[in-house]
$ cat target_37.txt   # compact mmCIF, C-alpha atoms and all ligand atoms
# COMPACT_ATOMS: atom_id res chain seq x y z
CA MET A 1050 3.67 25.70 9.27
CA ILE A 1051 5.67 23.34 11.50
CA ILE A 1052 5.89 19.82 10.14
CA GLY A 1053 6.71 16.84 12.37
CA LEU A 1054 8.59 13.85 11.00
CA PRO A 1055 8.62 10.93 13.48
CA LYS A 1056 10.37 7.57 13.32
CA GLU A 1057 7.82 4.81 12.70
CA ILE A 1058 7.34 2.40 15.60
CA LYS A 1059 5.49 -0.48 13.91
CA GLU A 1060 7.48 -3.72 13.76
CA ASN A 1061 9.40 -4.17 10.51
CA GLU A 1062 8.45 -0.70 9.27
CA TYR A 1063 11.52 1.06 7.90
CA ARG A 1064 9.92 3.71 5.70
CA VAL A 1065 9.85 7.45 6.42
CA ALA A 1066 7.28 9.92 5.05
CA ALA A 1067 9.71 12.61 3.88
CA THR A 1068 13.14 12.18 2.32
CA PRO A 1069 15.76 14.89 2.96
CA ALA A 1070 14.81 16.32 -0.48
CA ALA A 1071 11.20 16.66 0.69
CA VAL A 1072 12.35 18.40 3.88
CA HIS A 1073 14.32 20.81 1.73
CA ALA A 1074 11.13 21.59 -0.25
CA PHE A 1075 9.24 22.51 2.95
CA VAL A 1076 12.09 24.68 4.23
CA GLN A 1077 12.41 26.44 0.88
CA ASP A 1078 8.71 27.37 1.13
CA GLY A 1079 9.29 28.94 4.56
CA HIS A 1080 8.22 26.08 6.85
CA ARG A 1081 10.01 24.34 9.71
CA VAL A 1082 10.51 20.58 9.89
CA LEU A 1083 11.12 18.90 13.27
CA PHE A 1084 12.50 15.41 12.78
CA GLU A 1085 13.13 12.58 15.22
CA HIS A 1086 16.58 11.01 15.59
CA ASN A 1087 17.05 8.19 13.05
CA CYS A 1088 13.62 8.75 11.43
CA GLY A 1089 15.12 7.96 8.03
CA ALA A 1090 17.82 5.51 9.13
CA GLY A 1091 15.78 2.46 8.03
CA SER A 1092 15.62 3.93 4.52
CA GLY A 1093 19.27 4.93 4.36
CA PHE A 1094 18.85 8.65 5.24
CA SER A 1095 21.00 10.00 8.08
CA ASP A 1096 20.23 12.75 10.60
CA GLU A 1097 23.04 14.75 8.99
CA GLN A 1098 21.23 14.65 5.62
CA TYR A 1099 18.04 15.97 7.25
CA ILE A 1100 20.00 18.72 9.00
CA ALA A 1101 21.71 19.67 5.73
CA ALA A 1102 18.23 19.91 4.16
CA GLY A 1103 17.19 22.39 6.88
CA GLY A 1104 15.42 20.01 9.29
CA GLU A 1105 15.68 20.42 13.07
CA LEU A 1106 16.68 17.38 15.15
CA THR A 1107 14.05 17.27 17.93
CA PRO A 1108 13.22 14.82 20.79
CA ARG A 1109 10.39 12.42 19.82
CA GLU A 1110 7.69 13.87 22.09
CA GLU A 1111 8.48 17.39 20.94
CA VAL A 1112 8.15 16.33 17.30
CA TYR A 1113 4.53 15.37 18.06
CA ARG A 1114 3.67 18.15 20.50
CA GLY A 1115 5.45 20.92 18.64
CA CYS A 1116 4.16 20.41 15.12
CA ASP A 1117 1.05 21.54 13.26
CA MET A 1118 1.12 18.63 10.82
CA LEU A 1119 2.50 15.20 11.62
CA TYR A 1120 3.75 13.60 8.42
CA LYS A 1121 4.12 9.85 8.81
CA VAL A 1122 3.73 6.48 7.09
CA LYS A 1123 1.76 3.98 9.14
CA GLU A 1124 -1.56 4.11 10.90
CA VAL A 1125 -1.70 5.72 14.36
CA GLU A 1126 -0.60 3.35 17.16
CA PRO A 1127 -1.96 3.45 20.75
CA ALA A 1128 1.48 4.61 21.99
CA GLU A 1129 1.00 7.77 19.91
CA PHE A 1130 -2.54 8.69 21.05
CA ASP A 1131 -1.50 10.88 23.98
CA LEU A 1132 0.98 12.84 21.89
CA PHE A 1133 -1.68 14.41 19.65
CA HIS A 1134 -3.25 17.76 20.36
CA GLU A 1135 -6.46 19.46 19.27
CA GLY A 1136 -6.40 21.03 15.83
CA GLN A 1137 -3.31 19.11 14.75
CA VAL A 1138 -3.20 17.49 11.33
CA VAL A 1139 -1.97 13.95 10.73
CA PHE A 1140 -1.15 12.93 7.18
CA THR A 1141 -0.45 9.19 6.82
CA TYR A 1142 -1.83 5.77 5.76
CA LEU A 1143 -4.70 5.67 8.27
CA HIS A 1144 -6.76 2.59 7.32
CA SER A 1145 -9.53 3.99 9.49
CA ASN A 1146 -11.79 1.04 8.68
CA ALA A 1147 -9.41 -1.50 10.11
CA HIS A 1148 -8.11 0.68 12.95
CA LEU A 1149 -11.31 1.89 14.52
CA GLU A 1150 -9.79 2.52 17.96
CA ALA A 1151 -7.31 4.99 16.45
CA THR A 1152 -10.05 6.63 14.37
CA LYS A 1153 -12.13 7.16 17.52
CA GLU A 1154 -9.12 8.67 19.31
CA LEU A 1155 -8.56 11.13 16.48
CA LEU A 1156 -12.24 12.09 16.65
CA ARG A 1157 -12.13 12.47 20.43
CA ARG A 1158 -9.02 14.64 20.26
CA ASN A 1159 -10.31 16.83 17.40
CA VAL A 1160 -7.39 15.89 15.18
CA THR A 1161 -7.71 16.51 11.45
CA SER A 1162 -6.61 13.35 9.68
CA VAL A 1163 -6.01 12.84 5.99
CA ALA A 1164 -5.45 9.30 4.69
CA TYR A 1165 -2.98 8.69 1.88
CA GLU A 1166 -4.86 5.62 0.68
CA ASP A 1167 -8.11 7.47 0.01
CA ILE A 1168 -6.72 10.34 -2.06
CA ASP A 1169 -7.68 9.70 -5.69
CA ASP A 1170 -6.87 11.33 -9.04
CA ASP A 1171 -8.70 12.28 -12.25
CA ASN A 1172 -8.48 8.70 -13.54
CA GLY A 1173 -9.98 7.14 -10.41
CA HIS A 1174 -6.58 5.78 -9.34
CA PHE A 1175 -5.11 6.14 -5.87
CA PRO A 1176 -1.69 7.75 -6.42
CA ALA A 1177 -0.34 7.00 -2.94
CA LEU A 1178 -1.21 3.32 -3.32
CA VAL A 1179 0.06 2.70 -6.84
CA PRO A 1180 3.78 3.15 -5.99
CA MET A 1181 3.43 0.57 -3.21
CA SER A 1182 1.58 -1.87 -5.48
CA ILE A 1183 4.36 -1.51 -8.02
CA LEU A 1184 6.96 -2.33 -5.37
CA ALA A 1185 4.86 -5.21 -4.02
CA GLY A 1186 4.65 -6.76 -7.49
CA LYS A 1187 8.36 -6.46 -8.08
CA GLY A 1188 9.18 -7.61 -4.54
CA GLY A 1189 6.82 -10.56 -5.04
CA PHE A 1190 8.78 -11.65 -8.10
CA VAL A 1191 12.06 -11.32 -6.19
CA ALA A 1192 10.54 -13.52 -3.46
CA ALA A 1193 9.56 -16.10 -6.10
CA LEU A 1194 13.15 -16.16 -7.39
CA TYR A 1195 14.29 -16.83 -3.81
CA PHE A 1196 11.69 -19.39 -2.71
CA MET A 1197 11.96 -21.45 -5.91
CA GLN A 1198 15.54 -22.24 -4.91
CA SER A 1199 16.01 -25.73 -3.46
CA VAL A 1200 18.02 -24.29 -0.56
CA HIS A 1201 14.93 -22.27 0.44
CA GLY A 1202 12.43 -25.12 0.16
CA GLY A 1203 11.58 -24.69 -3.53
CA LYS A 1204 11.92 -27.15 -6.38
CA GLY A 1205 15.16 -25.56 -7.56
CA LEU A 1206 13.87 -23.88 -10.70
CA LEU A 1207 15.59 -20.70 -11.89
CA LEU A 1208 12.88 -18.36 -13.18
CA ASN A 1209 14.76 -17.52 -16.32
CA ARG A 1210 15.00 -18.68 -19.97
CA THR A 1211 17.90 -21.10 -19.90
CA ALA A 1212 19.28 -22.95 -22.95
CA GLY A 1213 18.37 -26.63 -22.86
CA VAL A 1214 15.68 -26.23 -20.18
CA ALA A 1215 11.90 -25.76 -20.62
CA THR A 1216 11.09 -22.10 -20.02
CA PRO A 1217 9.31 -21.56 -16.67
CA GLU A 1218 5.64 -20.60 -16.79
CA ILE A 1219 4.29 -17.74 -14.70
CA THR A 1220 0.59 -16.96 -14.23
CA ILE A 1221 -0.56 -13.58 -12.93
CA LEU A 1222 -4.13 -12.96 -11.82
CA GLY A 1223 -4.98 -9.26 -12.26
CA CYS A 1224 -3.53 -6.79 -14.77
CA GLY A 1225 -3.45 -3.76 -12.44
CA ALA A 1226 -0.46 -1.95 -10.94
CA SER A 1227 1.00 -4.90 -9.04
CA GLY A 1228 0.23 -7.48 -11.75
CA VAL A 1229 1.95 -5.46 -14.45
CA SER A 1230 4.97 -5.02 -12.16
CA VAL A 1231 5.29 -8.76 -11.68
CA ALA A 1232 4.96 -9.21 -15.44
CA GLU A 1233 7.66 -6.61 -16.18
CA LEU A 1234 10.28 -8.56 -14.22
CA ALA A 1235 9.00 -12.06 -15.05
CA SER A 1236 9.01 -11.32 -18.79
CA ALA A 1237 12.36 -9.52 -18.65
CA PHE A 1238 13.81 -12.71 -17.14
CA GLY A 1239 12.56 -14.58 -20.20
CA ASN A 1240 9.73 -16.58 -18.58
CA LYS A 1241 6.50 -17.48 -20.38
CA VAL A 1242 3.98 -15.17 -18.73
CA THR A 1243 0.19 -15.37 -18.80
CA MET A 1244 -1.97 -12.64 -17.29
CA LEU A 1245 -5.67 -13.10 -16.56
CA ASP A 1246 -8.17 -10.34 -15.85
CA VAL A 1247 -11.93 -9.87 -15.91
CA SER A 1248 -11.46 -6.44 -17.45
CA TRP A 1249 -10.67 -6.22 -21.16
CA PRO A 1250 -9.52 -2.55 -20.90
CA ALA A 1251 -7.13 -3.53 -18.08
CA MET A 1252 -5.61 -6.27 -20.27
CA GLU A 1253 -5.43 -3.96 -23.28
CA GLU A 1254 -3.67 -1.28 -21.21
CA ALA A 1255 -1.21 -3.78 -19.71
CA LYS A 1256 -0.45 -5.18 -23.18
CA LYS A 1257 0.84 -1.76 -24.28
CA HIS A 1258 3.57 -1.86 -21.63
CA LEU A 1259 4.68 -5.47 -21.82
CA PRO A 1260 6.71 -7.51 -24.32
CA ILE A 1261 5.57 -10.29 -26.62
CA ASN A 1262 6.28 -13.13 -24.19
CA VAL A 1263 3.28 -12.02 -22.11
CA GLU A 1264 -0.11 -13.37 -23.19
CA PHE A 1265 -3.51 -12.26 -21.95
CA MET A 1266 -6.50 -14.45 -21.17
CA GLN A 1267 -9.96 -13.67 -19.87
CA SER A 1268 -10.18 -14.60 -16.19
CA ASN A 1269 -12.72 -17.42 -16.14
CA ARG A 1270 -12.84 -20.94 -14.76
CA GLU A 1271 -11.71 -22.69 -17.97
CA ASN A 1272 -8.69 -20.46 -18.54
CA LEU A 1273 -7.74 -20.58 -14.87
CA GLU A 1274 -7.63 -24.40 -14.94
CA ILE A 1275 -5.47 -24.36 -18.08
CA CYS A 1276 -3.03 -22.01 -16.34
CA LEU A 1277 -3.01 -23.78 -12.97
CA LYS A 1278 -1.95 -27.06 -14.62
CA ARG A 1279 1.02 -25.55 -16.40
CA THR A 1280 2.20 -22.80 -14.05
CA ASP A 1281 5.38 -22.86 -11.97
CA VAL A 1282 4.50 -19.70 -10.03
CA LEU A 1283 1.02 -18.27 -9.57
CA PHE A 1284 0.80 -14.60 -8.54
CA ASN A 1285 -2.43 -13.19 -7.15
CA CYS A 1286 -2.70 -9.45 -7.88
CA ILE A 1287 -6.48 -9.09 -7.78
CA LEU A 1288 -8.07 -6.21 -5.90
CA TRP A 1289 -10.58 -8.30 -3.95
CA ALA A 1290 -13.64 -6.87 -2.17
CA LYS A 1291 -13.17 -7.47 1.56
CA ASN A 1292 -16.76 -8.69 2.01
CA ARG A 1293 -16.61 -11.41 -0.70
CA LYS A 1294 -17.04 -14.95 0.53
CA ASP A 1295 -16.15 -16.78 -2.71
CA HIS A 1296 -12.68 -17.37 -4.16
CA VAL A 1297 -10.98 -17.57 -7.54
CA VAL A 1298 -8.56 -20.34 -6.57
CA TYR A 1299 -10.15 -22.86 -4.18
CA ARG A 1300 -8.26 -25.24 -1.91
CA LYS A 1301 -9.16 -28.17 -4.19
CA ASP A 1302 -7.62 -26.33 -7.17
CA LEU A 1303 -4.17 -26.63 -5.61
CA LYS A 1304 -4.27 -30.31 -6.56
CA LEU A 1305 -4.27 -29.23 -10.24
CA MET A 1306 -0.90 -27.53 -9.80
CA LYS A 1307 2.44 -29.18 -10.53
CA PRO A 1308 4.36 -30.43 -7.47
CA GLY A 1309 6.78 -27.82 -6.26
CA SER A 1310 4.96 -24.87 -7.78
CA LEU A 1311 4.59 -21.71 -5.71
CA ILE A 1312 1.80 -19.22 -4.95
CA VAL A 1313 2.80 -15.61 -4.30
CA ASP A 1314 -0.25 -13.77 -3.00
CA VAL A 1315 0.65 -10.13 -3.54
CA ALA A 1316 -2.92 -8.96 -2.83
CA CYS A 1317 -2.70 -10.92 0.40
CA ASP A 1318 -6.35 -11.14 1.41
CA ASP A 1319 -6.85 -13.78 4.08
CA ASN A 1320 -9.23 -16.38 2.67
CA GLY A 1321 -9.73 -14.04 -0.32
CA ALA A 1322 -9.24 -14.68 -4.05
CA ILE A 1323 -6.90 -17.52 -2.99
CA GLU A 1324 -8.85 -19.57 -0.44
CA THR A 1325 -5.70 -20.85 1.27
CA CYS A 1326 -4.09 -17.41 1.74
CA ARG A 1327 -3.31 -16.19 5.24
CA SER A 1328 -1.07 -13.17 5.65
CA THR A 1329 2.51 -13.67 6.75
CA SER A 1330 5.40 -11.41 7.75
CA HIS A 1331 8.93 -10.78 6.51
CA THR A 1332 10.24 -12.78 9.47
CA ASP A 1333 8.09 -15.87 8.69
CA PRO A 1334 7.02 -15.39 5.07
CA VAL A 1335 5.95 -18.84 3.75
CA PHE A 1336 3.77 -21.82 4.61
CA VAL A 1337 2.68 -24.96 2.77
CA GLU A 1338 -0.93 -25.97 2.03
CA GLU A 1339 -1.85 -29.02 -0.08
CA GLY A 1340 1.83 -29.41 -0.95
CA ILE A 1341 2.05 -25.90 -2.44
CA MET A 1342 4.27 -23.26 -0.87
CA HIS A 1343 2.52 -19.91 -0.27
CA TYR A 1344 4.26 -16.53 0.15
CA CYS A 1345 1.74 -14.02 1.57
CA VAL A 1346 3.71 -11.14 3.11
CA ASP A 1347 1.35 -8.24 3.73
CA ASN A 1348 3.93 -5.43 3.66
CA ILE A 1349 6.27 -6.38 0.86
CA PRO A 1350 7.34 -2.73 0.19
CA SER A 1351 8.85 -2.28 3.63
CA GLY A 1352 11.57 -4.73 2.54
CA PHE A 1353 12.55 -2.10 -0.03
CA SER A 1354 12.30 0.85 2.34
CA CYS A 1355 14.82 3.11 0.61
CA THR A 1356 12.98 2.84 -2.73
CA ALA A 1357 9.56 2.88 -1.05
CA SER A 1358 10.26 6.03 0.98
CA GLN A 1359 11.35 7.88 -2.13
CA THR A 1360 8.32 6.88 -4.22
CA LEU A 1361 5.91 7.44 -1.32
CA SER A 1362 7.41 10.83 -0.52
CA ALA A 1363 7.16 11.87 -4.18
CA ALA A 1364 3.48 10.81 -4.29
CA THR A 1365 2.40 12.59 -1.09
CA LEU A 1366 4.65 15.67 -1.03
CA PRO A 1367 2.56 17.84 -3.42
CA HIS A 1368 -0.45 17.42 -1.09
CA ALA A 1369 1.63 17.98 2.07
CA LEU A 1370 3.10 21.15 0.57
CA ALA A 1371 -0.34 22.37 -0.51
CA MET A 1372 -1.61 21.95 3.07
CA ALA A 1373 1.46 23.72 4.47
CA ASN A 1374 1.38 26.59 1.96
CA LYS A 1375 -2.36 27.27 1.77
CA GLY A 1376 -3.45 26.06 5.18
CA VAL A 1377 -5.22 22.74 5.58
CA GLU A 1378 -8.80 23.93 5.08
CA ARG A 1379 -8.03 25.98 1.96
CA ALA A 1380 -6.02 23.11 0.44
CA LEU A 1381 -8.85 20.66 1.15
CA LEU A 1382 -11.51 22.96 -0.29
CA ASP A 1383 -9.44 23.64 -3.41
CA ASP A 1384 -8.72 19.99 -4.19
CA ALA A 1385 -11.51 17.39 -4.29
CA HIS A 1386 -8.96 14.57 -4.64
CA LEU A 1387 -7.18 15.52 -1.41
CA ARG A 1388 -10.55 16.10 0.29
CA ARG A 1389 -11.49 12.49 -0.58
CA GLY A 1390 -8.83 11.48 1.98
CA LEU A 1391 -10.18 13.63 4.82
CA THR A 1392 -11.12 11.14 7.53
CA THR A 1393 -11.68 13.15 10.71
CA TYR A 1394 -12.27 16.87 11.11
CA ARG A 1395 -13.14 18.67 14.36
CA GLY A 1396 -14.56 15.55 15.94
CA GLN A 1397 -16.59 14.52 12.89
CA LEU A 1398 -16.06 11.41 10.76
CA THR A 1399 -15.75 12.50 7.14
CA LEU A 1400 -14.84 9.21 5.43
CA GLU A 1401 -18.04 7.61 4.22
CA GLU A 1402 -16.76 4.00 3.84
CA THR A 1403 -15.66 3.83 7.48
CA ALA A 1404 -18.92 5.38 8.69
CA LEU A 1405 -20.97 2.88 6.67
CA LYS A 1406 -18.93 -0.12 7.75
CA HIS A 1407 -19.12 0.71 11.46
CA HIS A 1408 -22.60 2.33 11.49
CA LEU A 1409 -21.20 5.68 12.60
CA SER A 1410 -22.51 9.13 11.73
CA TYR A 1411 -20.86 10.78 8.78
CA VAL A 1412 -20.51 14.39 7.61
CA ASP A 1413 -19.60 15.28 4.04
CA PRO A 1414 -16.02 16.69 4.12
CA LYS A 1415 -16.88 19.93 2.28
CA THR A 1416 -19.86 20.60 4.52
CA ALA A 1417 -17.76 19.87 7.62
CA ILE A 1418 -15.01 22.32 6.61
CA GLU A 1419 -17.29 25.10 5.36
CA LYS A 1420 -19.16 25.11 8.65
CA TYR A 1421 -16.04 26.42 10.40
CA TYR A 1422 -13.85 27.92 7.74
CA GLN A 1423 -14.60 31.39 6.38
CA GLY A 1424 -11.35 32.07 4.48
N1 LIG B 1501 1.32 -7.41 -0.08
C1 LIG B 1501 1.62 -6.14 -0.12
O1 LIG B 1501 2.59 -5.69 0.51
C2 LIG B 1501 0.81 -5.19 -0.95
C3 LIG B 1501 1.33 -3.93 -1.27
C4 LIG B 1501 0.58 -3.10 -2.09
C5 LIG B 1501 -0.69 -3.50 -2.53
N2 LIG B 1501 -1.18 -4.73 -2.15
C6 LIG B 1501 -2.52 -5.19 -2.58
O2 LIG B 1501 -2.46 -5.75 -3.88
C7 LIG B 1501 -3.80 -5.75 -4.43
C8 LIG B 1501 -3.74 -5.34 -5.88
O3 LIG B 1501 -3.38 -3.99 -5.96
P1 LIG B 1501 -3.27 -3.24 -7.36
O4 LIG B 1501 -2.87 -1.84 -7.06
O5 LIG B 1501 -2.47 -4.04 -8.32
O6 LIG B 1501 -4.80 -3.27 -7.83
P2 LIG B 1501 -5.40 -2.75 -9.19
O7 LIG B 1501 -6.75 -2.21 -8.90
O8 LIG B 1501 -4.42 -1.88 -9.92
O9 LIG B 1501 -5.55 -4.11 -10.06
C9 LIG B 1501 -6.42 -5.14 -9.71
C10 LIG B 1501 -6.82 -5.87 -10.98
O10 LIG B 1501 -7.54 -7.07 -10.60
C11 LIG B 1501 -8.49 -7.29 -11.63
N3 LIG B 1501 -9.47 -8.29 -11.22
C12 LIG B 1501 -10.59 -8.14 -10.46
N4 LIG B 1501 -11.22 -9.33 -10.34
C13 LIG B 1501 -10.47 -10.24 -11.02
C14 LIG B 1501 -10.59 -11.65 -11.25
N5 LIG B 1501 -11.62 -12.37 -10.75
N6 LIG B 1501 -9.65 -12.27 -12.01
C15 LIG B 1501 -8.60 -11.58 -12.52
N7 LIG B 1501 -8.46 -10.26 -12.34
C16 LIG B 1501 -9.38 -9.60 -11.60
C17 LIG B 1501 -9.05 -5.89 -11.89
O11 LIG B 1501 -9.77 -5.82 -13.12
C18 LIG B 1501 -7.76 -5.07 -11.90
O12 LIG B 1501 -7.23 -4.96 -13.21
C19 LIG B 1501 -4.60 -4.81 -3.52
O13 LIG B 1501 -5.44 -5.57 -2.69
C20 LIG B 1501 -3.55 -4.10 -2.69
O14 LIG B 1501 -4.04 -3.72 -1.43
C21 LIG B 1501 -0.45 -5.58 -1.39

$ encode --input "target_37.txt" --output "structure tokens"
Amino acid sequence: MIIGLPKEIKENEYRVAATPAAVHAFVQDGHRVLFEHNCGAGSGFSDEQYIAAGGELTPREEVYRGCDMLYKVKEVEPAEFDLFHEGQVVFTYLHSNAHLEATKELLRRNVTSVAYEDIDDDNGHFPALVPMSILAGKGGFVAALYFMQSVHGGKGLLLNRTAGVATPEITILGCGASGVSVAELASAFGNKVTMLDVSWPAMEEAKKHLPINVEFMQSNRENLEICLKRTDVLFNCILWAKNRKDHVVYRKDLKLMKPGSLIVDVACDDNGAIETCRSTSHTDPVFVEEGIMHYCVDNIPSGFSCTASQTLSAATLPHALAMANKGVERALLDDAHLRRGLTTYRGQLTLEETALKHHLSYVDPKTAIEKYYQG
């Protein structure tokens, strides 16, 4: 198979889908990899490294037109639509719900698309999302360290156990992948850390991985108020249903917080679990509401592109190799977890959530493939 590795064009996106090591894995299995100039530069990988791994430096348009499977990071942008051809596969974060125009283009052009974010595993986790949540949690803590500094608008509190100074208090809502990552760094820095969750198993699992200076409380109104009054930094790491209209932390609750405390909304749902959240960017990351600074960057991992590209590539490569080695249909039929990510196939929408949300017709992925594939 010929694999295409483009340079991402979205603003502030520095990740690349395949590291040179991943390119080497394709080449070793007998495939060709066409890569665009500087595709890995934002993550610290040079063209020379890709060439040494067996990749072929190719003009951008040829990367798209000449490959069987385009292996990328971000959703498909309008500038890319005309570069796709019938029967081609695109393997990327698609977010087909939010990017309906792109989804319709892929359907119209008979492109087979497989979304990273919808591939699950035996435990019901989403292995291509977890590495990014882990980075977002850690990056969120790094941002808190930065924005608590007086020179960056904070109250000048070092988030660290310091002799002679009251230990800072950190509250984390949600004990999932991102919440535990915040807690790992916050506790390692010696802070007093409290995690709240509605799920007892989630708290119990998190407790196994975290030290003794992390306590766990049921997420309810009473406990939230206790934490809001004492916290220096509040992290929101809740996976929040997009259609919910209520909140966990309401605008009026910000008045309970100490002056100069900070909210880091890792989950970053506009008007979501934190009523006052609105997503921000790396170039303009914070705003103040009710006297409380908010950090709500919606793509924290892209700030750590070198790390992110390596963890993302490791998470997606086994599936990309399976599709290259077996052929896309066979790989999808053999693996129900990969098939869960199939979004468009021969002009049919095969991702149920997107079909339901936009009232579009939907075909079960297995049925759609078996109709055409006899192998
Ligand atoms: N900002 C970014 O750059 C970035 C990057 C990656 C992920 N995210 C987002 O971060 C969010 C969290 O991701 P994750 O992988 O950690 O999710 P996760 O599913 O691993 O964990 C979410 C946790 O929230 C808990 N929860 C649900 N309702 C709660 C409530 N009312 N109070 C307290 N806890 C509650 C759940 O029980 C679960 O343990 C997602 O929305 C994800 O899209 C943001």

$ residues_around --input "target_37.txt" --residues "Phe1336 of chain A" --least-positions-apart "3" --cutoff "12 Å" --atoms "only C-alpha atoms" --output "list in words"
Phe1196, His1201, Gly1202, Gly1203, Leu1311, Ile1312, Val1313, Asp1314, Thr1325, Cys1326, Arg1327, Ser1328, Thr1329, Ser1330, Asp1333, Glu1339, Gly1340, Ile1341, Met1342, His1343, Tyr1344, Cys1345 and Val1346 of chain A

$ write_last_selection --input "target_37.txt" --atoms "C-alpha atoms" --output "PDB file, in the coordinates of the input"
ATOM      1  CA  PHE A1196      11.690 -19.390  -2.710  1.00  0.00           C
ATOM      2  CA  HIS A1201      14.930 -22.270   0.440  1.00  0.00           C
ATOM      3  CA  GLY A1202      12.430 -25.120   0.160  1.00  0.00           C
ATOM      4  CA  GLY A1203      11.580 -24.690  -3.530  1.00  0.00           C
ATOM      5  CA  LEU A1311       4.590 -21.710  -5.710  1.00  0.00           C
ATOM      6  CA  ILE A1312       1.800 -19.220  -4.950  1.00  0.00           C
ATOM      7  CA  VAL A1313       2.800 -15.610  -4.300  1.00  0.00           C
ATOM      8  CA  ASP A1314      -0.250 -13.770  -3.000  1.00  0.00           C
ATOM      9  CA  THR A1325      -5.700 -20.850   1.270  1.00  0.00           C
ATOM     10  CA  CYS A1326      -4.090 -17.410   1.740  1.00  0.00           C
ATOM     11  CA  ARG A1327      -3.310 -16.190   5.240  1.00  0.00           C
ATOM     12  CA  SER A1328      -1.070 -13.170   5.650  1.00  0.00           C
ATOM     13  CA  THR A1329       2.510 -13.670   6.750  1.00  0.00           C
ATOM     14  CA  SER A1330       5.400 -11.410   7.750  1.00  0.00           C
ATOM     15  CA  ASP A1333       8.090 -15.870   8.690  1.00  0.00           C
ATOM     16  CA  GLU A1339      -1.850 -29.020  -0.080  1.00  0.00           C
ATOM     17  CA  GLY A1340       1.830 -29.410  -0.950  1.00  0.00           C
ATOM     18  CA  ILE A1341       2.050 -25.900  -2.440  1.00  0.00           C
ATOM     19  CA  MET A1342       4.270 -23.260  -0.870  1.00  0.00           C
ATOM     20  CA  HIS A1343       2.520 -19.910  -0.270  1.00  0.00           C
ATOM     21  CA  TYR A1344       4.260 -16.530   0.150  1.00  0.00           C
ATOM     22  CA  CYS A1345       1.740 -14.020   1.570  1.00  0.00           C
ATOM     23  CA  VAL A1346       3.710 -11.140   3.110  1.00  0.00           C
TER      24      VAL A1346
END

$ residues_around --input "target_37.txt" --residues "Ala1255 of chain A" --least-positions-apart "3" --cutoff "7 Å" --atoms "only C-alpha atoms" --output "list in words"
Cys1224, Val1229, Ala1251, Met1252, His1258 and Leu1259 of chain A

$ atom_distance --input "target_37.txt" --atom1 "atom CA of Glu1154 of chain A" --atom2 "atom CA of Asp1131 of chain A"
9.2 Å

$ closest_atom_pairs --input "target_37.txt" --of "chain A" --to "ligand LIG 1501 (chain B)" --cutoff "7 Å" --atoms "only C-alpha atoms and all ligand atoms" --output "CSV"
residue,atom,partner,partner_atom,distance
A:Leu1178,CA,B:LIG1501,O4,6.6
A:Val1179,CA,B:LIG1501,O4,5.4
A:Met1181,CA,B:LIG1501,C4,4.8
A:Ser1182,CA,B:LIG1501,C4,3.7
A:Ala1185,CA,B:LIG1501,C3,4.7
A:Leu1222,CA,B:LIG1501,C15,4.7
A:Gly1223,CA,B:LIG1501,N7,3.6
A:Cys1224,CA,B:LIG1501,O12,4.4
A:Gly1225,CA,B:LIG1501,O9,3.2
A:Ala1226,CA,B:LIG1501,O5,3.9
A:Ser1227,CA,B:LIG1501,O5,3.6
A:Gly1228,CA,B:LIG1501,O5,5.6
A:Leu1245,CA,B:LIG1501,C15,5.2
A:Asp1246,CA,B:LIG1501,N7,3.5
A:Val1247,CA,B:LIG1501,N7,5.0
A:Ser1248,CA,B:LIG1501,O11,4.7
A:Ala1251,CA,B:LIG1501,O12,5.1
A:Ser1268,CA,B:LIG1501,N6,4.8
A:Cys1286,CA,B:LIG1501,C8,4.7
A:Ile1287,CA,B:LIG1501,O10,3.6
A:Leu1288,CA,B:LIG1501,O13,4.2
A:Trp1289,CA,B:LIG1501,O13,6.0
A:Val1297,CA,B:LIG1501,N5,6.1
A:Val1315,CA,B:LIG1501,N1,4.5
A:Ala1316,CA,B:LIG1501,O2,3.4
A:Cys1317,CA,B:LIG1501,N1,5.4
A:Asp1318,CA,B:LIG1501,O13,7.0
A:Cys1345,CA,B:LIG1501,N1,6.8
A:Val1346,CA,B:LIG1501,N1,5.5
A:Asp1347,CA,B:LIG1501,N1,3.9
A:Asn1348,CA,B:LIG1501,O1,3.4
A:Ile1349,CA,B:LIG1501,O1,3.8
A:Pro1350,CA,B:LIG1501,O1,5.6

$ residues_near_point --input "target_37.txt" --point "(1.2, 25.2, 3.0)" --cutoff "10 Å" --atoms "only C-alpha atoms" --output "MDAnalysis selection string"
chainID A and resid 1050:1051 1075 1078:1080 1367:1377 1379:1380

$ closest_residue --input "target_37.txt" --among "A:Thr1392, A:Gln1137, A:Ser1351, A:Thr1399" --to "Glu1166 of chain A" --atoms "all atoms listed in the file"
A:Thr1392

$ residues_around --input "target_37.txt" --residues "Gly1390 of chain A" --least-positions-apart "2" --cutoff "10 Å" --atoms "all atoms listed in the file" --output "PyMOL selection string"
chain A and resi 1140-1143+1162-1169+1381+1385-1388+1392-1393+1399-1400+1414
